[in-house]
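All remarks here apply to the structure that follows.
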Amino acid sequence: MADDLKLLRTWSSPYALRVVHALKIKGLEYETVLEDITRKSASLLEYNPLHKKVPVLLHNGRPVCESLVILEYIDDVYKQPPLLPQDPHEKAMARFWAQFGDDKVMPSTWRVFTSEGKDQEEAIGPLTENLKFLEEQLKGKSFFGGEAIGYVDLAFGWMGNLISILEEIIDLKLVDAEKFPLLSAWINKFSDDPVIKAFWPPRDKMVEKFKAMREHFLKQVP
Amino acid sequence: MSEVKLFGAWFSPYVKRVEMALNLKGVEYEYIEEDLKNKSPLFLQYNPITKLVPVLVHNGKPIFESTVILEYIDETWEGPSIFPKDPYDRAMSRFWAKFVEDKCSDPLWKACWAAGEEREKAKKEAEEALKILENEIKGKKFFGGDNIGLVDYVANYIAFWIPLLQDVVGFHILTQDKFPNIWKWCYELCNDSFVKKNLPEKEKVSSGLKRAVETGSLY
């Protein structure tokens, strides 16, 4: 019986894009179900009752939620090409870096993006520290995964299109090519890769969406 | 012959779960207690990134983050399993482990230390998450089924540390009345003959927490 794969996602979710990219790398066919996050479908609520969020991967009707959990699942079931390194220590470090991205890099980027003035100035320090670690990780490599895009690249994939969008909106360099030459190069290489490029959401829509988000957050500051 | 070192802190649930995993697999290791107020240069050399315990060093290579370490231990050494073998069951374990860590342990901890509105907000979050967990453990001895699994390891925090902290601060969210299934699971886990050997002394942890409440500092 052929595998039945469905992906519940929204047009812009960077978490869902991780799964889209992973499925493409694995050469897997699947059906996309586009969700409107303001009007969640009965399916989404049924398959992810806990978090009510995308992405949700349905494999022969069974839901898997949380993007990094989905990536590991896909890699477990469909072995080639591997997303995670084969060496046990490298595999563990890949898992660590993906978590580091979600726990530290994303929030620190978000803090710079959703603040202004002195608050923003103060937020830049922590972001810079986090980016230095990423820069270090890219020494001698084309991608975080080595010569090919892997799990960590997909985990950091949101930087591929979002960084330049956020920089445009706040008119501030987040990843300076002089300070972070390897990371800058990775952002360009990753986002231009044909497997990745094909799925970027429309840039103008993204700029509009994130501009509105920034305004919303700035209004909330007392 | 492999060389295994574990940098830890005696009171940390994150460290204890790693120790439990190493002991489950019968791995011989050197334990190094880190003074978290005064971290050793060796420790910082191995983990300059998060500077947190636990750090497992295997043949000179460091690994950080307790759940990452648990998976590494499960993949590297023979013995009883921590993660399920089936990919879908493995995905479910990972999902629930993340849920426990992010949605239960975190707000429970915050609620005990916070005050006023912040405490009420954390309490509400914790209770909503615990209701879900209560349903998940229904009819099971452990989250892993008949044997402890990944989710039980990660929820060690809730089983052992949270009840002690609740008693010390006098603020109780997780109670037998409200969450009888979880309460039963806490008892099963903490009294399991294997798990019991891998928990710190209750009185020592309580004293440590009392001191932390008085001084306002955890270490």
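Letters A, B, ... go to the chains of the structure tokens in the order shown; residues in each chain start at 1; ligands are counted from 1 in the same order.
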Kindly provide the residues of chain A that approach chain B to within 12 Å, each paired with its closest atom pair and their distance in Å to one decimal, based on only C-alpha atoms, listed by chain and increasing number, as a Markdown table.
| residue | atom | partner | partner_atom | distance |
| --- | --- | --- | --- | --- |
| A:Asn48 | CA | B:Phe95 | CA | 11.2 |
| A:Pro49 | CA | B:Ile132 | CA | 10.2 |
| A:Leu50 | CA | B:Ile132 | CA | 8.0 |
| A:His51 | CA | B:Phe99 | CA | 9.5 |
| A:Val56 | CA | B:Phe95 | CA | 11.9 |
| A:Leu57 | CA | B:Ala91 | CA | 11.3 |
| A:Leu58 | CA | B:Tyr88 | CA | 11.1 |
| A:His59 | CA | B:Tyr88 | CA | 9.4 |
| A:Asn60 | CA | B:Tyr88 | CA | 11.2 |
| A:Gly61 | CA | B:Tyr88 | CA | 11.9 |
| A:Arg62 | CA | B:Tyr88 | CA | 8.6 |
| A:Pro63 | CA | B:Tyr88 | CA | 9.2 |
| A:Val64 | CA | B:Ala91 | CA | 6.9 |
| A:Cys65 | CA | B:Phe95 | CA | 7.1 |
| A:Glu66 | CA | B:Phe95 | CA | 7.0 |
| A:Ser67 | CA | B:Phe95 | CA | 10.0 |
| A:Leu68 | CA | B:Phe95 | CA | 9.4 |
| A:Val69 | CA | B:Ala91 | CA | 5.9 |
| A:Ile70 | CA | B:Ala91 | CA | 7.3 |
| A:Leu71 | CA | B:Ala91 | CA | 9.6 |
| A:Glu72 | CA | B:Ala91 | CA | 7.5 |
| A:Tyr73 | CA | B:Ala91 | CA | 6.0 |
| A:Ile74 | CA | B:Pro87 | CA | 8.8 |
| A:Asp75 | CA | B:Pro87 | CA | 9.3 |
| A:Asp76 | CA | B:Pro87 | CA | 6.1 |
| A:Val77 | CA | B:Pro87 | CA | 6.6 |
| A:Tyr78 | CA | B:Pro87 | CA | 10.4 |
| A:Lys79 | CA | B:Pro87 | CA | 11.7 |
| A:Gln86 | CA | B:Glu75 | CA | 11.3 |
| A:Asp87 | CA | B:Thr76 | CA | 10.4 |
| A:Pro88 | CA | B:Tyr72 | CA | 6.8 |
| A:His89 | CA | B:Ile63 | CA | 7.4 |
| A:Glu90 | CA | B:Ile63 | CA | 9.3 |
| A:Lys91 | CA | B:Tyr72 | CA | 8.3 |
| A:Ala92 | CA | B:Val68 | CA | 5.9 |
| A:Met93 | CA | B:Ile63 | CA | 6.6 |
| A:Ala94 | CA | B:Val68 | CA | 9.3 |
| A:Arg95 | CA | B:Val68 | CA | 6.5 |
| A:Phe96 | CA | B:Val68 | CA | 6.5 |
| A:Trp97 | CA | B:Phe64 | CA | 9.8 |
| A:Ala98 | CA | B:Val68 | CA | 10.7 |
| A:Gln99 | CA | B:Glu65 | CA | 8.8 |
| A:Phe100 | CA | B:Thr50 | CA | 9.0 |
| A:Asp103 | CA | B:Asp102 | CA | 10.9 |
| A:Lys104 | CA | B:Thr50 | CA | 9.9 |
| A:Glu129 | CA | B:Ile49 | CA | 9.5 |
| A:Asn130 | CA | B:Ile49 | CA | 8.7 |
| A:Leu131 | CA | B:Ile49 | CA | 11.3 |
| A:Lys132 | CA | B:Ile49 | CA | 10.2 |
| A:Phe133 | CA | B:Ile49 | CA | 7.5 |
| A:Leu134 | CA | B:Ile49 | CA | 10.5 |
| A:Glu136 | CA | B:Ile49 | CA | 11.2 |
| A:Gln137 | CA | B:Ile49 | CA | 11.6 |
File dump, residues just selected, N, CA and C atoms, as a short mmCIF file (atom, residue, chain, number, x, y, z; two decimals), in the first residue's frame:
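Saved as out-v1.cif:
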data_model
loop_
_atom_site.label_atom_id
_atom_site.label_comp_id
_atom_site.auth_asym_id
_atom_site.auth_seq_id
_atom_site.Cartn_x
_atom_site.Cartn_y
_atom_site.Cartn_z
N ASN A 48 -4.29 17.91 16.20
CA ASN A 48 -3.39 18.53 17.17
C ASN A 48 -4.20 19.24 18.23
N PRO A 49 -4.95 18.47 19.03
CA PRO A 49 -5.84 19.10 20.01
C PRO A 49 -5.08 19.83 21.11
N LEU A 50 -3.85 19.40 21.35
CA LEU A 50 -3.08 19.99 22.44
C LEU A 50 -2.65 21.41 22.13
N HIS A 51 -1.99 21.56 20.98
CA HIS A 51 -1.42 22.87 20.66
C HIS A 51 -2.20 23.63 19.61
N VAL A 56 1.30 19.81 11.07
CA VAL A 56 0.93 18.46 11.49
C VAL A 56 1.15 17.57 10.27
N LEU A 57 1.92 16.52 10.47
CA LEU A 57 2.11 15.55 9.39
C LEU A 57 1.20 14.37 9.66
N LEU A 58 0.42 13.99 8.66
CA LEU A 58 -0.41 12.80 8.79
C LEU A 58 0.20 11.70 7.94
N HIS A 59 0.59 10.61 8.59
CA HIS A 59 1.17 9.49 7.87
C HIS A 59 0.21 8.33 7.99
N ASN A 60 -0.42 7.97 6.87
CA ASN A 60 -1.47 6.95 6.89
C ASN A 60 -2.48 7.24 8.00
N GLY A 61 -2.86 8.51 8.09
CA GLY A 61 -3.90 8.92 9.03
C GLY A 61 -3.42 9.20 10.45
N ARG A 62 -2.16 8.88 10.76
CA ARG A 62 -1.68 9.10 12.14
C ARG A 62 -0.92 10.42 12.22
N PRO A 63 -1.32 11.29 13.17
CA PRO A 63 -0.70 12.62 13.22
C PRO A 63 0.62 12.63 13.98
N VAL A 64 1.56 13.44 13.45
CA VAL A 64 2.80 13.74 14.17
C VAL A 64 2.87 15.26 14.24
N CYS A 65 3.06 15.79 15.43
CA CYS A 65 3.08 17.25 15.63
C CYS A 65 4.45 17.71 16.14
N GLU A 66 4.68 19.02 16.05
CA GLU A 66 5.96 19.65 16.44
C GLU A 66 6.99 19.42 15.33
N SER A 67 7.43 20.51 14.71
CA SER A 67 8.25 20.40 13.49
C SER A 67 9.51 19.58 13.66
N LEU A 68 10.26 19.75 14.75
CA LEU A 68 11.50 18.98 14.90
C LEU A 68 11.20 17.50 15.15
N VAL A 69 10.10 17.23 15.84
CA VAL A 69 9.67 15.84 16.06
C VAL A 69 9.32 15.22 14.70
N ILE A 70 8.65 16.02 13.85
CA ILE A 70 8.28 15.53 12.51
C ILE A 70 9.54 15.24 11.68
N LEU A 71 10.53 16.13 11.74
CA LEU A 71 11.76 15.91 10.98
C LEU A 71 12.43 14.59 11.40
N GLU A 72 12.50 14.37 12.71
CA GLU A 72 13.12 13.12 13.20
C GLU A 72 12.30 11.92 12.72
N TYR A 73 10.99 12.05 12.75
CA TYR A 73 10.12 10.96 12.32
C TYR A 73 10.34 10.63 10.84
N ILE A 74 10.36 11.68 10.03
CA ILE A 74 10.57 11.48 8.59
C ILE A 74 11.92 10.79 8.36
N ASP A 75 12.94 11.24 9.10
CA ASP A 75 14.28 10.68 8.93
C ASP A 75 14.34 9.23 9.39
N ASP A 76 13.53 8.90 10.40
CA ASP A 76 13.45 7.53 10.93
C ASP A 76 12.81 6.58 9.93
N VAL A 77 11.73 7.06 9.29
CA VAL A 77 10.94 6.19 8.42
C VAL A 77 11.52 6.10 7.00
N TYR A 78 11.97 7.26 6.49
CA TYR A 78 12.51 7.31 5.13
C TYR A 78 14.00 7.62 5.23
N LYS A 79 14.82 6.56 5.06
CA LYS A 79 16.23 6.71 5.45
C LYS A 79 17.08 7.56 4.51
N GLN A 86 25.26 10.55 10.65
CA GLN A 86 25.27 9.14 11.07
C GLN A 86 26.11 8.93 12.32
N ASP A 87 27.20 9.72 12.45
CA ASP A 87 28.06 9.60 13.62
C ASP A 87 27.27 9.98 14.88
N PRO A 88 27.28 9.11 15.92
CA PRO A 88 26.45 9.36 17.11
C PRO A 88 26.70 10.71 17.78
N HIS A 89 27.98 11.11 17.87
CA HIS A 89 28.27 12.37 18.54
C HIS A 89 27.78 13.55 17.70
N GLU A 90 28.01 13.46 16.39
CA GLU A 90 27.56 14.55 15.50
C GLU A 90 26.03 14.63 15.50
N LYS A 91 25.40 13.45 15.58
CA LYS A 91 23.93 13.42 15.61
C LYS A 91 23.42 14.14 16.85
N ALA A 92 24.07 13.84 18.00
CA ALA A 92 23.67 14.47 19.26
C ALA A 92 23.85 15.99 19.17
N MET A 93 24.97 16.41 18.61
CA MET A 93 25.23 17.85 18.51
C MET A 93 24.24 18.52 17.55
N ALA A 94 23.85 17.80 16.50
CA ALA A 94 22.85 18.34 15.57
C ALA A 94 21.54 18.60 16.32
N ARG A 95 21.16 17.64 17.15
CA ARG A 95 19.93 17.80 17.94
C ARG A 95 20.07 18.99 18.88
N PHE A 96 21.26 19.14 19.49
CA PHE A 96 21.50 20.26 20.39
C PHE A 96 21.35 21.58 19.66
N TRP A 97 21.99 21.70 18.49
CA TRP A 97 21.97 22.98 17.77
C TRP A 97 20.56 23.36 17.32
N ALA A 98 19.79 22.36 16.93
CA ALA A 98 18.40 22.65 16.52
C ALA A 98 17.63 23.23 17.71
N GLN A 99 17.82 22.62 18.89
CA GLN A 99 17.14 23.12 20.09
C GLN A 99 17.64 24.50 20.46
N PHE A 100 18.96 24.70 20.33
CA PHE A 100 19.57 25.99 20.62
C PHE A 100 18.95 27.07 19.75
N ASP A 103 15.41 27.64 21.11
CA ASP A 103 15.36 28.16 22.47
C ASP A 103 16.06 29.51 22.63
N LYS A 104 17.13 29.72 21.82
CA LYS A 104 17.93 30.94 22.02
C LYS A 104 17.97 31.88 20.82
N GLU A 129 25.86 37.32 20.55
CA GLU A 129 26.52 36.18 21.21
C GLU A 129 26.06 34.86 20.60
N ASN A 130 24.75 34.74 20.40
CA ASN A 130 24.21 33.51 19.83
C ASN A 130 24.69 33.28 18.40
N LEU A 131 24.74 34.37 17.62
CA LEU A 131 25.16 34.24 16.22
C LEU A 131 26.63 33.83 16.13
N LYS A 132 27.43 34.27 17.11
CA LYS A 132 28.86 33.91 17.10
C LYS A 132 29.02 32.39 17.17
N PHE A 133 28.15 31.73 17.97
CA PHE A 133 28.23 30.27 18.07
C PHE A 133 27.92 29.62 16.72
N LEU A 134 26.93 30.17 16.02
CA LEU A 134 26.56 29.62 14.71
C LEU A 134 27.70 29.81 13.72
N GLU A 136 30.82 29.97 14.31
CA GLU A 136 31.86 28.99 14.67
C GLU A 136 31.53 27.61 14.10
N GLN A 137 30.26 27.24 14.14
CA GLN A 137 29.82 25.92 13.68
C GLN A 137 30.00 25.73 12.18
#
Item to complete: Could you please write out, as a ChimeraX atom specification, every residue of region 5-141 of chain A that DSSP assigns to helix (DSSP H, G or I)?
Response: /A:14-25,42-47,67-77,88-113,117-137
Worksheet entry | strand (DSSP E or B) positions in region 9-222 of chain A, given as a PyMOL selection string | chain A and resi 9+31-34+36+39+56-59+62-65+143+146
Discussion item. Please list as a ChimeraX atom specification every residue within 12 Å of Val57 (chain B), counting only C-alpha atoms and excluding residues in the same chain fewer than 2 positions away.
Written reply: /A:89,92 /B:2-8,29-32,42-43,45-47,53-55,59-64,69,72-73
Within 12 Å of region 120-122 of chain A, counting only C-alpha atoms, which residues qualify if same-chain residues fewer than 3 places away don't, as a PDB file with all heavy atoms, in the first residue's frame?
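Result file is around39.pdb:
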ATOM      1  N   SER A 108      15.930  35.498  20.615  1.00  0.00           N
ATOM      2  CA  SER A 108      16.776  36.694  20.691  1.00  0.00           C
ATOM      3  C   SER A 108      16.633  37.534  19.419  1.00  0.00           C
ATOM      4  O   SER A 108      16.708  38.761  19.472  1.00  0.00           O
ATOM      5  CB  SER A 108      18.243  36.356  20.985  1.00  0.00           C
ATOM      6  OG  SER A 108      18.778  35.487  20.028  1.00  0.00           O
ATOM      7  N   THR A 109      16.391  36.889  18.286  1.00  0.00           N
ATOM      8  CA  THR A 109      16.135  37.630  17.046  1.00  0.00           C
ATOM      9  C   THR A 109      14.811  38.368  17.181  1.00  0.00           C
ATOM     10  O   THR A 109      14.692  39.550  16.835  1.00  0.00           O
ATOM     11  CB  THR A 109      16.044  36.668  15.846  1.00  0.00           C
ATOM     12  OG1 THR A 109      17.222  35.874  15.790  1.00  0.00           O
ATOM     13  CG2 THR A 109      15.879  37.418  14.533  1.00  0.00           C
ATOM     14  N   TRP A 110      13.837  37.669  17.687  1.00  0.00           N
ATOM     15  CA  TRP A 110      12.498  38.233  17.851  1.00  0.00           C
ATOM     16  C   TRP A 110      12.518  39.447  18.773  1.00  0.00           C
ATOM     17  O   TRP A 110      11.821  40.442  18.527  1.00  0.00           O
ATOM     18  CB  TRP A 110      11.581  37.138  18.402  1.00  0.00           C
ATOM     19  CG  TRP A 110      10.134  37.434  18.277  1.00  0.00           C
ATOM     20  CD1 TRP A 110       9.238  37.601  19.299  1.00  0.00           C
ATOM     21  CD2 TRP A 110       9.392  37.612  17.068  1.00  0.00           C
ATOM     22  NE1 TRP A 110       7.992  37.866  18.795  1.00  0.00           N
ATOM     23  CE2 TRP A 110       8.051  37.877  17.433  1.00  0.00           C
ATOM     24  CE3 TRP A 110       9.736  37.575  15.714  1.00  0.00           C
ATOM     25  CZ2 TRP A 110       7.049  38.100  16.491  1.00  0.00           C
ATOM     26  CZ3 TRP A 110       8.737  37.801  14.778  1.00  0.00           C
ATOM     27  CH2 TRP A 110       7.416  38.063  15.173  1.00  0.00           C
ATOM     28  N   ARG A 111      13.346  39.375  19.838  1.00  0.00           N
ATOM     29  CA  ARG A 111      13.418  40.482  20.792  1.00  0.00           C
ATOM     30  C   ARG A 111      13.953  41.739  20.110  1.00  0.00           C
ATOM     31  O   ARG A 111      13.476  42.834  20.387  1.00  0.00           O
ATOM     32  CB  ARG A 111      14.326  40.111  21.974  1.00  0.00           C
ATOM     33  CG  ARG A 111      13.614  40.277  23.318  1.00  0.00           C
ATOM     34  CD  ARG A 111      14.334  39.573  24.435  1.00  0.00           C
ATOM     35  NE  ARG A 111      13.817  38.245  24.657  1.00  0.00           N
ATOM     36  CZ  ARG A 111      14.572  37.151  24.803  1.00  0.00           C
ATOM     37  NH1 ARG A 111      15.865  37.222  24.762  1.00  0.00           N
ATOM     38  NH2 ARG A 111      14.014  35.982  25.012  1.00  0.00           N
ATOM     39  N   VAL A 112      14.950  41.584  19.262  1.00  0.00           N
ATOM     40  CA  VAL A 112      15.486  42.748  18.533  1.00  0.00           C
ATOM     41  C   VAL A 112      14.419  43.296  17.591  1.00  0.00           C
ATOM     42  O   VAL A 112      14.221  44.506  17.489  1.00  0.00           O
ATOM     43  CB  VAL A 112      16.758  42.385  17.725  1.00  0.00           C
ATOM     44  CG1 VAL A 112      17.214  43.568  16.883  1.00  0.00           C
ATOM     45  CG2 VAL A 112      17.866  41.925  18.655  1.00  0.00           C
ATOM     46  N   PHE A 113      13.710  42.371  16.941  1.00  0.00           N
ATOM     47  CA  PHE A 113      12.728  42.777  15.939  1.00  0.00           C
ATOM     48  C   PHE A 113      11.516  43.469  16.550  1.00  0.00           C
ATOM     49  O   PHE A 113      10.940  44.379  15.952  1.00  0.00           O
ATOM     50  CB  PHE A 113      12.280  41.555  15.118  1.00  0.00           C
ATOM     51  CG  PHE A 113      11.233  41.872  14.087  1.00  0.00           C
ATOM     52  CD1 PHE A 113      11.540  42.666  12.986  1.00  0.00           C
ATOM     53  CD2 PHE A 113       9.929  41.410  14.223  1.00  0.00           C
ATOM     54  CE1 PHE A 113      10.580  42.988  12.025  1.00  0.00           C
ATOM     55  CE2 PHE A 113       8.954  41.719  13.274  1.00  0.00           C
ATOM     56  CZ  PHE A 113       9.285  42.508  12.177  1.00  0.00           C
ATOM     57  N   THR A 114      11.108  43.063  17.745  1.00  0.00           N
ATOM     58  CA  THR A 114       9.878  43.605  18.321  1.00  0.00           C
ATOM     59  C   THR A 114      10.155  44.718  19.331  1.00  0.00           C
ATOM     60  O   THR A 114       9.294  45.047  20.148  1.00  0.00           O
ATOM     61  CB  THR A 114       9.049  42.504  19.012  1.00  0.00           C
ATOM     62  OG1 THR A 114       9.880  41.858  19.989  1.00  0.00           O
ATOM     63  CG2 THR A 114       8.554  41.491  18.013  1.00  0.00           C
ATOM     64  N   SER A 115      11.351  45.296  19.288  1.00  0.00           N
ATOM     65  CA  SER A 115      11.638  46.397  20.216  1.00  0.00           C
ATOM     66  C   SER A 115      12.208  47.570  19.457  1.00  0.00           C
ATOM     67  O   SER A 115      12.464  47.482  18.251  1.00  0.00           O
ATOM     68  CB  SER A 115      12.623  45.934  21.289  1.00  0.00           C
ATOM     69  OG  SER A 115      13.805  45.470  20.680  1.00  0.00           O
ATOM     70  N   GLU A 116      12.368  48.690  20.163  1.00  0.00           N
ATOM     71  CA  GLU A 116      12.982  49.855  19.531  1.00  0.00           C
ATOM     72  C   GLU A 116      13.775  50.627  20.575  1.00  0.00           C
ATOM     73  O   GLU A 116      13.662  50.357  21.788  1.00  0.00           O
ATOM     74  CB  GLU A 116      11.911  50.740  18.887  1.00  0.00           C
ATOM     75  CG  GLU A 116      10.835  51.187  19.841  1.00  0.00           C
ATOM     76  CD  GLU A 116       9.723  51.970  19.142  1.00  0.00           C
ATOM     77  OE1 GLU A 116       9.852  52.297  17.942  1.00  0.00           O
ATOM     78  OE2 GLU A 116       8.722  52.259  19.818  1.00  0.00           O
ATOM     79  N   GLY A 117      14.555  51.587  20.091  1.00  0.00           N
ATOM     80  CA  GLY A 117      15.331  52.454  20.986  1.00  0.00           C
ATOM     81  C   GLY A 117      16.277  51.683  21.872  1.00  0.00           C
ATOM     82  O   GLY A 117      16.951  50.749  21.445  1.00  0.00           O
ATOM     83  N   GLY A 125      22.998  42.624  21.953  1.00  0.00           N
ATOM     84  CA  GLY A 125      24.099  41.883  22.573  1.00  0.00           C
ATOM     85  C   GLY A 125      23.857  40.385  22.618  1.00  0.00           C
ATOM     86  O   GLY A 125      24.657  39.598  22.084  1.00  0.00           O
ATOM     87  N   PRO A 126      22.757  39.924  23.265  1.00  0.00           N
ATOM     88  CA  PRO A 126      22.467  38.488  23.318  1.00  0.00           C
ATOM     89  C   PRO A 126      22.364  37.838  21.942  1.00  0.00           C
ATOM     90  O   PRO A 126      22.856  36.723  21.748  1.00  0.00           O
ATOM     91  CB  PRO A 126      21.119  38.436  24.034  1.00  0.00           C
ATOM     92  CG  PRO A 126      21.051  39.690  24.828  1.00  0.00           C
ATOM     93  CD  PRO A 126      21.814  40.725  24.067  1.00  0.00           C
ATOM     94  N   LEU A 127      21.766  38.548  20.972  1.00  0.00           N
ATOM     95  CA  LEU A 127      21.651  37.988  19.629  1.00  0.00           C
ATOM     96  C   LEU A 127      23.035  37.788  19.035  1.00  0.00           C
ATOM     97  O   LEU A 127      23.342  36.732  18.474  1.00  0.00           O
ATOM     98  CB  LEU A 127      20.817  38.892  18.716  1.00  0.00           C
ATOM     99  CG  LEU A 127      20.747  38.453  17.248  1.00  0.00           C
ATOM    100  CD1 LEU A 127      20.112  37.077  17.120  1.00  0.00           C
ATOM    101  CD2 LEU A 127      19.991  39.459  16.390  1.00  0.00           C
ATOM    102  N   THR A 128      23.898  38.777  19.182  1.00  0.00           N
ATOM    103  CA  THR A 128      25.264  38.695  18.651  1.00  0.00           C
ATOM    104  C   THR A 128      26.001  37.498  19.246  1.00  0.00           C
ATOM    105  O   THR A 128      26.686  36.758  18.529  1.00  0.00           O
ATOM    106  CB  THR A 128      26.040  39.985  18.949  1.00  0.00           C
ATOM    107  OG1 THR A 128      25.287  41.084  18.457  1.00  0.00           O
ATOM    108  CG2 THR A 128      27.406  39.983  18.301  1.00  0.00           C
ATOM    109  N   ILE A 170      13.113  46.737   9.974  1.00  0.00           N
ATOM    110  CA  ILE A 170      13.648  47.562  11.062  1.00  0.00           C
ATOM    111  C   ILE A 170      14.863  48.382  10.628  1.00  0.00           C
ATOM    112  O   ILE A 170      15.428  49.126  11.417  1.00  0.00           O
ATOM    113  CB  ILE A 170      14.019  46.721  12.311  1.00  0.00           C
ATOM    114  CG1 ILE A 170      15.089  45.679  11.985  1.00  0.00           C
ATOM    115  CG2 ILE A 170      12.784  46.080  12.900  1.00  0.00           C
ATOM    116  CD1 ILE A 170      15.570  44.903  13.215  1.00  0.00           C
ATOM    117  N   LEU A 172      17.899  47.565  10.007  1.00  0.00           N
ATOM    118  CA  LEU A 172      19.033  47.257  10.874  1.00  0.00           C
ATOM    119  C   LEU A 172      19.602  45.917  10.446  1.00  0.00           C
ATOM    120  O   LEU A 172      18.856  44.965  10.223  1.00  0.00           O
ATOM    121  CB  LEU A 172      18.559  47.188  12.328  1.00  0.00           C
ATOM    122  CG  LEU A 172      19.593  46.870  13.401  1.00  0.00           C
ATOM    123  CD1 LEU A 172      20.553  48.025  13.572  1.00  0.00           C
ATOM    124  CD2 LEU A 172      18.914  46.584  14.742  1.00  0.00           C
ATOM    125  N   LEU A 174      20.972  42.476  10.999  1.00  0.00           N
ATOM    126  CA  LEU A 174      20.989  41.492  12.076  1.00  0.00           C
ATOM    127  C   LEU A 174      22.175  40.546  11.905  1.00  0.00           C
ATOM    128  O   LEU A 174      22.830  40.155  12.859  1.00  0.00           O
ATOM    129  CB  LEU A 174      19.683  40.683  12.088  1.00  0.00           C
ATOM    130  CG  LEU A 174      18.410  41.494  12.385  1.00  0.00           C
ATOM    131  CD1 LEU A 174      17.172  40.659  12.116  1.00  0.00           C
ATOM    132  CD2 LEU A 174      18.412  41.982  13.819  1.00  0.00           C
ATOM    133  N   LEU A 218       4.959  46.603  19.346  1.00  0.00           N
ATOM    134  CA  LEU A 218       5.401  47.904  19.850  1.00  0.00           C
ATOM    135  C   LEU A 218       4.262  48.610  20.580  1.00  0.00           C
ATOM    136  O   LEU A 218       4.477  49.304  21.564  1.00  0.00           O
ATOM    137  CB  LEU A 218       5.933  48.770  18.711  1.00  0.00           C
ATOM    138  CG  LEU A 218       7.255  48.312  18.100  1.00  0.00           C
ATOM    139  CD1 LEU A 218       7.675  49.224  16.953  1.00  0.00           C
ATOM    140  CD2 LEU A 218       8.351  48.284  19.167  1.00  0.00           C
TER     141      LEU A 218
END
Practice prompt. Check the smallest atom-to-atom distance from each of A:Thr10, A:Lys52, A:Met106, A:Asp193 to Val33 (chain A) using only C-alpha atoms, then report the winner.
Written response: A:Thr10
Practice prompt. For region 140-147 of chain A, work out the shell of residues within 9 Å, counting only C-alpha atoms and skipping chain neighbours fewer than 3 positions away, then give it as an NGL selection string.
Written response: :A and (83-85 or 94 or 134 or 137 or 150-153 or 182 or 185-186 or 189-190)
Fill in: Test item: residues at most 6 Å from region 17-26 of chain B, only C-alpha atoms, excluding those fewer than 2 positions along its chain, as a list in words
Tyr14, Val15, Gly79, Tyr153 and Asn198 of chain B
Export of the given selection (C-alpha atoms) as a PDB file, in the first residue's frame:
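And here is the file that came out, selection-v2.pdb:
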ATOM      1  CA  TYR B  14      18.274  17.156  34.571  1.00  0.00           C
ATOM      2  CA  VAL B  15      21.472  15.586  35.867  1.00  0.00           C
ATOM      3  CA  GLY B  79      20.653  -2.618  27.603  1.00  0.00           C
ATOM      4  CA  TYR B 153      12.694  10.330  32.730  1.00  0.00           C
ATOM      5  CA  ASN B 198      18.808   7.424  41.340  1.00  0.00           C
TER       6      ASN B 198
END
Worksheet item: What gap, in Å, lies between CA of Lys40 (chain A) and CA of Glu136 (chain B)?
Response: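 Atom-to-atom, CA of Lys40 (chain A) and CA of Glu136 (chain B) are spaced 24.0 Å apart.
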Fill in: Which of B:Asp152, B:Glu214, B:Glu134, B:Glu118 sits closest to Gln176 (chain B) [using only C-alpha atoms]
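Among the listed residues, the smallest separation from Gln176 (chain B) belongs to B:Glu134.
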Practice prompt. Please provide the set of residues having any atom within 12 Å of Val207 (chain A), restricted to only C-alpha atoms, with same-chain residues fewer than 2 positions apart removed, written as an MDAnalysis selection string.
Written response: chainID A and resid 12 161:170 201:205 209:214
